There are 4 protein chains.
Amino acid sequence: MSNNKIKLGFVGGGNDSLIGVLHKVAAVMFDQYEIVGGVFSSNQDINKSTAIDLGLDLSRVYNNYEEMAEVESGLDANTKIEAVCILTPNFLHFPMAKIFLQNGFHVICEKPLSISLKEALELKEIKQSKNLVFAVTHTYTGYPMIRQMTRMISENIIGDIQRVDSTYFQGWINDIIHDKDKRSSTWRLNPDVSGISSCLADIGTHAFNMLELVCGMKVKKILADLNNLYDDNPLDIDVSVLVRMENGCKGTIRSTQIATGLENNLNISVYGSKGSLSWEQENPNYLYYHTSNKPLQVLKPGHLYNSDLSLDGTKLPAGHPEGIFDAMGNIYRGVARAIKDEKNEIGEFPTIDEGVRGMEFIEKAVESNKNGNIWMELDS
Amino acid sequence: MSNNKIKLGFVGGGNDSLIGVLHKVAAVMFDQYEIVGGVFSSNQDINKSTAIDLGLDLSRVYNNYEEMAEVESGLDANTKIEAVCILTPNFLHFPMAKIFLQNGFHVICEKPLSISLKEALELKEIKQSKNLVFAVTHTYTGYPMIRQMTRMISENIIGDIQRVDSTYFQGWINDIIHDKDKRSSTWRLNPDVSGISSCLADIGTHAFNMLELVCGMKVKKILADLNNLYDDNPLDIDVSVLVRMENGCKGTIRSTQIATGLENNLNISVYGSKGSLSWEQENPNYLYYHTSNKPLQVLKPGHLYNSDLSLDGTKLPAGHPEGIFDAMGNIYRGVARAIKDEKNEIGEFPTIDEGVRGMEFIEKAVESNKNGNIWMELDS
Amino acid sequence: MSNNKIKLGFVGGGNDSLIGVLHKVAAVMFDQYEIVGGVFSSNQDINKSTAIDLGLDLSRVYNNYEEMAEVESGLDANTKIEAVCILTPNFLHFPMAKIFLQNGFHVICEKPLSISLKEALELKEIKQSKNLVFAVTHTYTGYPMIRQMTRMISENIIGDIQRVDSTYFQGWINDIIHDKDKRSSTWRLNPDVSGISSCLADIGTHAFNMLELVCGMKVKKILADLNNLYDDNPLDIDVSVLVRMENGCKGTIRSTQIATGLENNLNISVYGSKGSLSWEQENPNYLYYHTSNKPLQVLKPGHLYNSDLSLDGTKLPAGHPEGIFDAMGNIYRGVARAIKDEKNEIGEFPTIDEGVRGMEFIEKAVESNKNGNIWMELDS
Amino acid sequence: MSNNKIKLGFVGGGNDSLIGVLHKVAAVMFDQYEIVGGVFSSNQDINKSTAIDLGLDLSRVYNNYEEMAEVESGLDANTKIEAVCILTPNFLHFPMAKIFLQNGFHVICEKPLSISLKEALELKEIKQSKNLVFAVTHTYTGYPMIRQMTRMISENIIGDIQRVDSTYFQGWINDIIHDKDKRSSTWRLNPDVSGISSCLADIGTHAFNMLELVCGMKVKKILADLNNLYDDNPLDIDVSVLVRMENGCKGTIRSTQIATGLENNLNISVYGSKGSLSWEQENPNYLYYHTSNKPLQVLKPGHLYNSDLSLDGTKLPAGHPEGIFDAMGNIYRGVARAIKDEKNEIGEFPTIDEGVRGMEFIEKAVESNKNGNIWMELDS
């Protein structure tokens, strides 16, 4: 049946995918999209069974992304996929995004955007020339309290920023890294699949992106210290970075995959001349606002004291905890608005610019470390 | 297109409904349902616009539930609605559920099940005679850590239960109750719409249901103290109940709508001879396990130490907070399995039995209070 | 050497005493007292060794409290003990306090004040006729944030009180209660030593006292449900009480010794028409202040937004956690001020009036339970 | 009266001192010391009134520390001060400690030990030649859960250390730093009084000391980034340091005085190959123990699962929160044992070695920053 929804295609995200479910639920959460086809897996059995579970017309399921791009491009405007969601391993993001952009599809791409800054810049150029929407799914930016934090800082509620700390601590690789066989066989530590970084690329970029987002300010210089832990491990799994922000203030970005027993601790604190704000991903519905001489204030979603964009991202009354699916849903809704040419408030979803910045962060951090922990400027 | 999904109809849940979005997202979360029609609002404009937003065929949108039941019953098996989701004010649950059951539809009904125990028992009888699935959406029972708590207690990990406390504290009615006009005009305090109780019916039943669920044991006797706060307010807004469980242990159920500033604090603690378990709805991904001589243990979703049913209700790796939409999604999936005649593990979704128990709890609590806070047996 | 300090004597509190150290440290914390003698234990070896550790003149160490009262009464005013601290088992409080009062000593007595209301009232009468200071050490009332909570309520910051909940949950008796030998041999469950109650007397009175203190209002009626768990156990170990406050509002007092694994959870919440306040003893430096439409506020000690009495009870800058020794120290300082005839702010230390109220609470709760959970008025 | 207690003298700590009360209470907490005299303030009125409040013989109150050292040295062994507690501004620590050591007094000195490494090393040499006890009061090391954390790491419970993070965040200087007059007049930012550092010296050394203590391992190299915020402010108020530990693992030390609204957040996390441990000073009675596949464990003081030294530092049963006075009391007790020539367990109190390390940390961090954030080895 014809309707108003954006026709969405998937590359990756099959039933064997960890992350597919997140995108599928987020896409349908606000009745903005209809999933119509794609390549859900390179394994054709999974590709097909995923489509069947989704109730799709199997004629819209393709053997590979090149075929998908070609056939879909030829369909008429009322039928064809309008936006493509790319959920494949890092090294495939670039060729896939490129072909879809070139054929006029909007793109929603998992991070990191690519495996090199050069690739990222090329995608940005194509995207701009085509005037398409391009989102990079830094999922955590969709949380209502991140939106509120961003707004409070932009409205100068905490004054001039004078220190920043962004961290992303996980422990999962600890179960792998100490076993030679395991560490040599995981794709996260394989440069051919993951690029030049493991920890920086997988989670450090989230911490970096979050920092620039909430501060409304760029990181100007970084000095990075990376740890591979074992000589035969080619990629970083533990990272400490000193940063200088555009306004001259200092701070750190830290990310690690060897914080044994920790799950998914993306935390950010911004300290200003009038107050401070802190947020933790594992308890995403609490925003801590400190000032010098008043009680700590704890903001929560759904209250009228929050910004419009924060409230827009909260579906139920206060006290009904929404989570990461809801955060991603908010991003998908922002993308839908952009595709439908409504005006997007800054911060509604992360764009290709954030993707490019993330790639520069990775490359410069790796270079800083290689050269003995020296300062590197970011200029993208 | 024909597919494997259960065809779902809505009564209520239009775009002006607070709770509609929760059911709509939950229904599609696991690709088990396809929303195909219904009566989304008694306001026909909203009824239609909701259907359009959902991308529905408008021929499946009805003027009222009687028409819906009649027309849909006549459609062929491959097309017709199989299950109906009832999201209307309390007093409508009974007539609607009755007509849909009588016409062979499975029912998913918001709580409280009805406005009297008599109605509830009548529904149960029809449901049993028709061999249909009937779910009452005590949403909070769908959380992974509630499933884990239930399992740990059933496996005797905390030993014999020796004290229980279940609470549900909200503060929202405080903004209404002190203003004579407001309190006389809210539907929650109108017996014609809400039945004989406000606080008990709206949230006390959740606390009661949760207690019986996690303990795997019935409440045997209650002694209730209700507070209306103002003489011209006909319904309770604050409740304290002493309980005796089947095994003789004692405890309390407390619920209130005048805990000013509190949002949605459904908390439950069960104290056993070998250990204790506590859980809080506002931070649903933490289960606290106390024992006498060991450190407190904090369980979280997604870890292999959890039960199969708990893990089944967690879609992403540990540390990615899922929330209330995900809890409701788990309930919808349980219902789908029951409809498809797969075997349901106890606790996968709340049934009409829980609905009946809830109605008896309300009636007996009101009677206990009316008679000077005396003990009442529950025998349903 | 002669100095300005109050001469303090101890009865109990020897080196084998759990609670002795708390009083000894609290007494010297503000340079207000000098411990000069006493009967530290009925075991004369411990009695003497404690005195030696304290560096006392052994001529001031007595064989029993009668001797102590007699000899000390005869000493000259510059030398003799002025105040006596009573730290013995419950049944000894009365005879000891009586003899010391009659001989003109101020008294600092552990709770419960006695083992019957009659005894308590007799002590109160003597105390009044002698115009002496009498403190009952409800230690937890000395915390700065309890002082702040009390002040905020008295200043109507949360408006009219509309619901109250006070709880004291411990789990320690679980290790004893399930073993017949252990439960028949612990002094806590021996009526000859402990009086008519275990849980009510030991911790329920704290919850009751805290409730009346912070509310600045009396409990008018109670309906109590007690649990002994085993038929051969003569005393309550688990308690749920419905309460009506003087102003008509309702709520609960709950205390238990079978919350397995819990340590010392004295928590109090007061819900008013304009806001709510909550406090937890195990994290005593946080006071939670909820209102309807603003962020939760978390007050901490040492900030100027706190009352004078709260600040008076905080010795170091904010963020340096003081604990239970400091709470008791604050009480001892309040008593010192009263002895030195300075004006005492209400709430600076719990008096014999609180001790009497506590005894009435115990007796009426036991009677309510015995008579089938009926309402009992408190009228002391 | 003659007794077994160590005779203690004070330099500083008068009634106008913030920190005096902490030392005075800690000293008497375990009946190990008797304060007998000193120079409590350079203001002679305060000097005398403090002594009077303490009930001291005024003949033991001196005009200055030189006089105190001279007169006390001449007293007979049963009478004279044995240990001196130094609580003066940083630049006075060295000359005072030197003269007291040279005259045979044990020393308990506030941190930082001195205002240069050179001074610190000179003190260490004198201390060793005289065979005296010398404690540097890193108060926070006295907490029971820090003792437990240290023990668990030394027993390899978390395996090989693979990442470390130690932080000390305060916000108090924010109220001063943005006002030119205020920042030029506070002694903390005056090099003549404070030495070459503000933030590093005042709190960074605590974070550094805590890291080396709990890890049982030295920091080998540091790379420091300091922030003075204003050009006319000569000293650091915000610090980020990259560290390399002896075993090669990496991490950070961060300390700041401009985390607006934060109070006293000394936090430490150590990540090992088998588990991780985290602790926070503001909630000192919780130790968080993470492992890969089990629930988070939260250890608390007073339980038998803790080490002997941890239990030794806990006076009351679990659930009775002890605080910073108790932590300092534990340090004073450790010092008393050392003076009485009992065997000290490592970690019972911080020694002059820790003081020397702290000074080297400050100097090397300042030098690293001055030279463009380069790596510096620590070799003391």
# chains A, B, ... in the order shown; residues from 1 in each chain; ligands from 1
>>> select_by_dssp(residues="stretch 61-306 of chain C", states="alpha helix (DSSP H)", output="ChimeraX atom specification")
/C:65-74,90-102,117-130,144-154,174-177,180-185,191-194,199,205-215
>>> residues_around(residues="A:Leu235", least_positions_apart="5", cutoff="8 Å", atoms="only C-alpha atoms", output="PDB file with N, CA and C atoms, in the first residue's frame")
ATOM      1  N   LEU A 189      40.464  -6.692  16.097  1.00  0.00           N
ATOM      2  CA  LEU A 189      41.910  -6.453  16.156  1.00  0.00           C
ATOM      3  C   LEU A 189      42.590  -6.761  14.829  1.00  0.00           C
ATOM      4  N   ASN A 190      41.793  -6.933  13.786  1.00  0.00           N
ATOM      5  CA  ASN A 190      42.330  -7.198  12.449  1.00  0.00           C
ATOM      6  C   ASN A 190      42.298  -5.911  11.621  1.00  0.00           C
ATOM      7  N   PRO A 191      43.477  -5.345  11.334  1.00  0.00           N
ATOM      8  CA  PRO A 191      43.532  -4.060  10.625  1.00  0.00           C
ATOM      9  C   PRO A 191      42.827  -4.086   9.270  1.00  0.00           C
ATOM     10  N   ILE A 196      42.945   1.226  11.265  1.00  0.00           N
ATOM     11  CA  ILE A 196      44.165   1.407  12.051  1.00  0.00           C
ATOM     12  C   ILE A 196      43.943   1.406  13.559  1.00  0.00           C
ATOM     13  N   SER A 197      42.737   1.181  13.975  1.00  0.00           N
ATOM     14  CA  SER A 197      42.472   1.282  15.415  1.00  0.00           C
ATOM     15  C   SER A 197      41.354   0.360  15.851  1.00  0.00           C
ATOM     16  N   SER A 198      41.450  -0.129  17.068  1.00  0.00           N
ATOM     17  CA  SER A 198      40.333  -0.878  17.658  1.00  0.00           C
ATOM     18  C   SER A 198      39.546   0.008  18.625  1.00  0.00           C
ATOM     19  N   CYS A 199      40.177   0.365  19.706  1.00  0.00           N
ATOM     20  CA  CYS A 199      39.481   1.078  20.777  1.00  0.00           C
ATOM     21  C   CYS A 199      39.080   2.491  20.374  1.00  0.00           C
ATOM     22  N   ASN A 228      48.539  -1.250  23.336  1.00  0.00           N
ATOM     23  CA  ASN A 228      48.108  -2.473  22.646  1.00  0.00           C
ATOM     24  C   ASN A 228      48.195  -3.677  23.577  1.00  0.00           C
TER      25      ASN A 228
END
>>> closest_atom_pairs(of="chain C", to="chain B", cutoff="8 Å", atoms="only C-alpha atoms", output="Markdown table")
| residue | atom | partner | partner_atom | distance |
| --- | --- | --- | --- | --- |
| C:Gln162 | CA | B:Ile258 | CA | 7.4 |
| C:Arg163 | CA | B:Ala259 | CA | 7.3 |
| C:Gly171 | CA | B:Ser292 | CA | 7.4 |
| C:Trp172 | CA | B:Ser292 | CA | 7.5 |
| C:Asn174 | CA | B:Ser273 | CA | 6.7 |
| C:Asp175 | CA | B:Ser292 | CA | 7.5 |
| C:Asp225 | CA | B:Leu242 | CA | 7.7 |
| C:Asn227 | CA | B:Lys250 | CA | 7.3 |
| C:Leu229 | CA | B:Gln162 | CA | 7.9 |
| C:Ser240 | CA | B:Gly251 | CA | 6.9 |
| C:Leu242 | CA | B:Ser240 | CA | 7.3 |
| C:Cys249 | CA | B:Leu229 | CA | 7.9 |
| C:Lys250 | CA | B:Asn227 | CA | 7.3 |
| C:Gly251 | CA | B:Ser240 | CA | 6.9 |
| C:Thr252 | CA | B:Ser240 | CA | 7.3 |
| C:Ile258 | CA | B:Tyr271 | CA | 7.3 |
| C:Ala259 | CA | B:Tyr271 | CA | 5.3 |
| C:Thr260 | CA | B:Gly275 | CA | 5.3 |
| C:Gly261 | CA | B:Ser292 | CA | 4.2 |
| C:Leu262 | CA | B:His290 | CA | 6.8 |
| C:Tyr271 | CA | B:Ala259 | CA | 5.3 |
| C:Gly272 | CA | B:Thr260 | CA | 6.5 |
| C:Ser273 | CA | B:Asn174 | CA | 6.7 |
| C:Lys274 | CA | B:Thr260 | CA | 7.0 |
| C:Gly275 | CA | B:Thr260 | CA | 5.3 |
| C:Ser276 | CA | B:Thr260 | CA | 5.7 |
| C:His290 | CA | B:Gly261 | CA | 4.7 |
| C:Thr291 | CA | B:Gly261 | CA | 4.3 |
| C:Ser292 | CA | B:Gly261 | CA | 4.2 |
| C:Asn293 | CA | B:Gly261 | CA | 7.2 |
| C:Leu296 | CA | B:Gly261 | CA | 7.9 |
>>> write_last_selection(atoms="C-alpha atoms", output="PDB file, in the first residue's frame")
ATOM      1  CA  GLN C 162       0.243  14.358  53.747  1.00  0.00           C
ATOM      2  CA  ARG C 163       2.034  11.023  54.038  1.00  0.00           C
ATOM      3  CA  GLY C 171      19.023  -8.494  58.836  1.00  0.00           C
ATOM      4  CA  TRP C 172      21.345  -9.591  61.615  1.00  0.00           C
ATOM      5  CA  ASN C 174      18.370 -13.967  60.505  1.00  0.00           C
ATOM      6  CA  ASP C 175      21.616 -15.745  61.377  1.00  0.00           C
ATOM      7  CA  ASP C 225       1.297  -6.188  63.029  1.00  0.00           C
ATOM      8  CA  ASN C 227       5.901 -11.239  63.624  1.00  0.00           C
ATOM      9  CA  LEU C 229       8.398 -16.036  63.088  1.00  0.00           C
ATOM     10  CA  SER C 240       4.603  -3.237  60.301  1.00  0.00           C
ATOM     11  CA  LEU C 242      -0.052   1.837  60.287  1.00  0.00           C
ATOM     12  CA  CYS C 249      -2.262  12.235  57.691  1.00  0.00           C
ATOM     13  CA  LYS C 250      -1.476   8.547  57.305  1.00  0.00           C
ATOM     14  CA  GLY C 251       1.567   6.432  56.782  1.00  0.00           C
ATOM     15  CA  THR C 252       3.667   3.579  58.094  1.00  0.00           C
ATOM     16  CA  ILE C 258      15.015 -10.395  59.293  1.00  0.00           C
ATOM     17  CA  ALA C 259      15.747  -8.382  56.162  1.00  0.00           C
ATOM     18  CA  THR C 260      18.558 -10.787  55.406  1.00  0.00           C
ATOM     19  CA  GLY C 261      21.773  -9.110  54.350  1.00  0.00           C
ATOM     20  CA  LEU C 262      20.615  -5.606  55.162  1.00  0.00           C
ATOM     21  CA  TYR C 271       5.614  13.863  51.715  1.00  0.00           C
ATOM     22  CA  GLY C 272       4.087  17.322  51.846  1.00  0.00           C
ATOM     23  CA  SER C 273       1.723  19.363  49.736  1.00  0.00           C
ATOM     24  CA  LYS C 274       4.626  21.413  48.347  1.00  0.00           C
ATOM     25  CA  GLY C 275       7.438  18.888  48.289  1.00  0.00           C
ATOM     26  CA  SER C 276       8.976  15.798  49.816  1.00  0.00           C
ATOM     27  CA  HIS C 290      11.595  16.488  45.550  1.00  0.00           C
ATOM     28  CA  THR C 291       9.120  18.994  44.168  1.00  0.00           C
ATOM     29  CA  SER C 292       6.580  18.644  41.408  1.00  0.00           C
ATOM     30  CA  ASN C 293       8.085  20.582  38.591  1.00  0.00           C
ATOM     31  CA  LEU C 296      15.425  16.742  42.347  1.00  0.00           C
TER      32      LEU C 296
END
>>> closest_residue(among="D:Asn264, D:Ser154, D:Gln44, D:Thr186", to="D:Asn283", atoms="only C-alpha atoms")
D:Asn264
>>> residues_around(residues="A:Glu122", least_positions_apart="2", cutoff="12 Å", atoms="only C-alpha atoms", output="list in words")
Phe94, Pro95, Ala97, Lys98, Ile99, Leu101, Gln102, Leu113, Ser114, Ser116, Leu117, Lys118, Glu119, Ala120, Lys124, Glu125, Ile126, Lys127, Gln128, Ser129, Ile352, Asp353, Gly355 and Val356 of chain A
>>> atom_distance(atom1="atom CA of B:Ile108", atom2="atom CA of B:Gly358")
15.8 Å
>>> atom_distance(atom1="atom CA of B:Val36", atom2="atom CA of A:Gly20")
24.7 Å
>>> select_by_dssp(residues="stretch 229-374 of chain D", states="strand (DSSP E)", output="count of residues only")
36
>>> residues_around(residues="D:Glu82", least_positions_apart="2", cutoff="7 Å", atoms="only C-alpha atoms", output="list in words")
Ile6, Lys7, Leu8, Lys80, Val84, Phe105 and His106 of chain D
>>> residues_around(residues="B:Glu66", least_positions_apart="2", cutoff="12 Å", atoms="only C-alpha atoms", output="list in words")
Val11, Gly38, Val39, Tyr62, Asn63, Asn64, Met68, Ala69, Glu70, Val71, Glu72, Ser73, Pro95, Met96, Ala97, Lys98, Ile99, Phe100, Gln102 and Asn103 of chain B
>>> atom_distance(atom1="atom CA of B:Met376", atom2="atom CA of B:Lys221")
5.4 Å
>>> residues_around(residues="D:Pro284", least_positions_apart="4", cutoff="8 Å", atoms="only C-alpha atoms", output="list in words")
Pro321 of chain C; Tyr143, Met145, Trp279, Glu280 and Gly323 of chain D
>>> decode(residues="stretch 98-128 of chain D", atoms="N, CA and C atoms", output="short mmCIF file (atom, residue, chain, number, x, y, z; two decimals), in the first residue's frame")
data_model
loop_
_atom_site.label_atom_id
_atom_site.label_comp_id
_atom_site.auth_asym_id
_atom_site.auth_seq_id
_atom_site.Cartn_x
_atom_site.Cartn_y
_atom_site.Cartn_z
N LYS D 98 62.30 19.60 60.61
CA LYS D 98 63.75 19.44 60.77
C LYS D 98 64.17 19.62 62.23
N ILE D 99 63.73 20.69 62.83
CA ILE D 99 64.17 20.97 64.20
C ILE D 99 63.61 19.92 65.17
N PHE D 100 62.39 19.48 64.93
CA PHE D 100 61.84 18.48 65.85
C PHE D 100 62.53 17.12 65.68
N LEU D 101 62.78 16.75 64.45
CA LEU D 101 63.53 15.50 64.23
C LEU D 101 64.91 15.58 64.90
N GLN D 102 65.59 16.68 64.66
CA GLN D 102 66.94 16.82 65.21
C GLN D 102 66.95 16.74 66.73
N ASN D 103 65.83 17.12 67.33
CA ASN D 103 65.74 17.05 68.78
C ASN D 103 65.06 15.79 69.29
N GLY D 104 64.88 14.84 68.38
CA GLY D 104 64.44 13.52 68.83
C GLY D 104 62.94 13.31 68.97
N PHE D 105 62.15 14.15 68.33
CA PHE D 105 60.70 13.96 68.38
C PHE D 105 60.22 13.18 67.15
N HIS D 106 59.26 12.29 67.36
CA HIS D 106 58.55 11.72 66.22
C HIS D 106 57.71 12.82 65.58
N VAL D 107 57.41 12.68 64.30
CA VAL D 107 56.68 13.74 63.60
C VAL D 107 55.49 13.18 62.83
N ILE D 108 54.37 13.88 62.98
CA ILE D 108 53.19 13.63 62.14
C ILE D 108 52.95 14.92 61.38
N CYS D 109 53.12 14.88 60.05
CA CYS D 109 53.15 16.13 59.27
C CYS D 109 52.06 16.13 58.20
N GLU D 110 51.39 17.25 58.05
CA GLU D 110 50.42 17.38 56.96
C GLU D 110 51.15 17.35 55.62
N LYS D 111 50.40 17.02 54.57
CA LYS D 111 51.00 17.02 53.24
C LYS D 111 50.75 18.37 52.58
N PRO D 112 51.52 18.79 51.56
CA PRO D 112 52.73 18.12 51.08
C PRO D 112 53.84 18.26 52.11
N LEU D 113 54.74 17.30 52.09
CA LEU D 113 55.81 17.22 53.09
C LEU D 113 56.62 18.50 53.18
N SER D 114 56.83 19.17 52.04
CA SER D 114 57.70 20.34 52.02
C SER D 114 57.37 21.15 50.78
N ILE D 115 58.23 22.12 50.44
CA ILE D 115 57.96 22.79 49.17
C ILE D 115 59.02 22.47 48.11
N SER D 116 59.89 21.52 48.40
CA SER D 116 60.80 21.04 47.35
C SER D 116 61.22 19.61 47.65
N LEU D 117 61.60 18.92 46.61
CA LEU D 117 62.09 17.55 46.77
C LEU D 117 63.37 17.54 47.60
N LYS D 118 64.18 18.56 47.38
CA LYS D 118 65.44 18.66 48.12
C LYS D 118 65.18 18.67 49.63
N GLU D 119 64.27 19.53 50.03
CA GLU D 119 63.91 19.58 51.45
C GLU D 119 63.43 18.21 51.94
N ALA D 120 62.58 17.60 51.12
CA ALA D 120 61.99 16.32 51.52
C ALA D 120 63.08 15.27 51.74
N LEU D 121 64.05 15.25 50.81
CA LEU D 121 65.12 14.26 50.93
C LEU D 121 65.97 14.54 52.17
N GLU D 122 66.17 15.81 52.47
CA GLU D 122 66.95 16.16 53.67
C GLU D 122 66.22 15.66 54.93
N LEU D 123 64.93 15.87 54.97
CA LEU D 123 64.15 15.38 56.12
C LEU D 123 64.25 13.87 56.25
N LYS D 124 64.16 13.20 55.10
CA LYS D 124 64.22 11.74 55.13
C LYS D 124 65.55 11.26 55.70
N GLU D 125 66.63 11.95 55.31
CA GLU D 125 67.95 11.56 55.79
C GLU D 125 68.05 11.72 57.31
N ILE D 126 67.56 12.85 57.79
CA ILE D 126 67.61 13.09 59.24
C ILE D 126 66.76 12.04 59.97
N LYS D 127 65.57 11.83 59.45
CA LYS D 127 64.64 10.87 60.06
C LYS D 127 65.31 9.49 60.19
N GLN D 128 65.98 9.07 59.10
CA GLN D 128 66.59 7.74 59.13
C GLN D 128 67.75 7.68 60.13
#
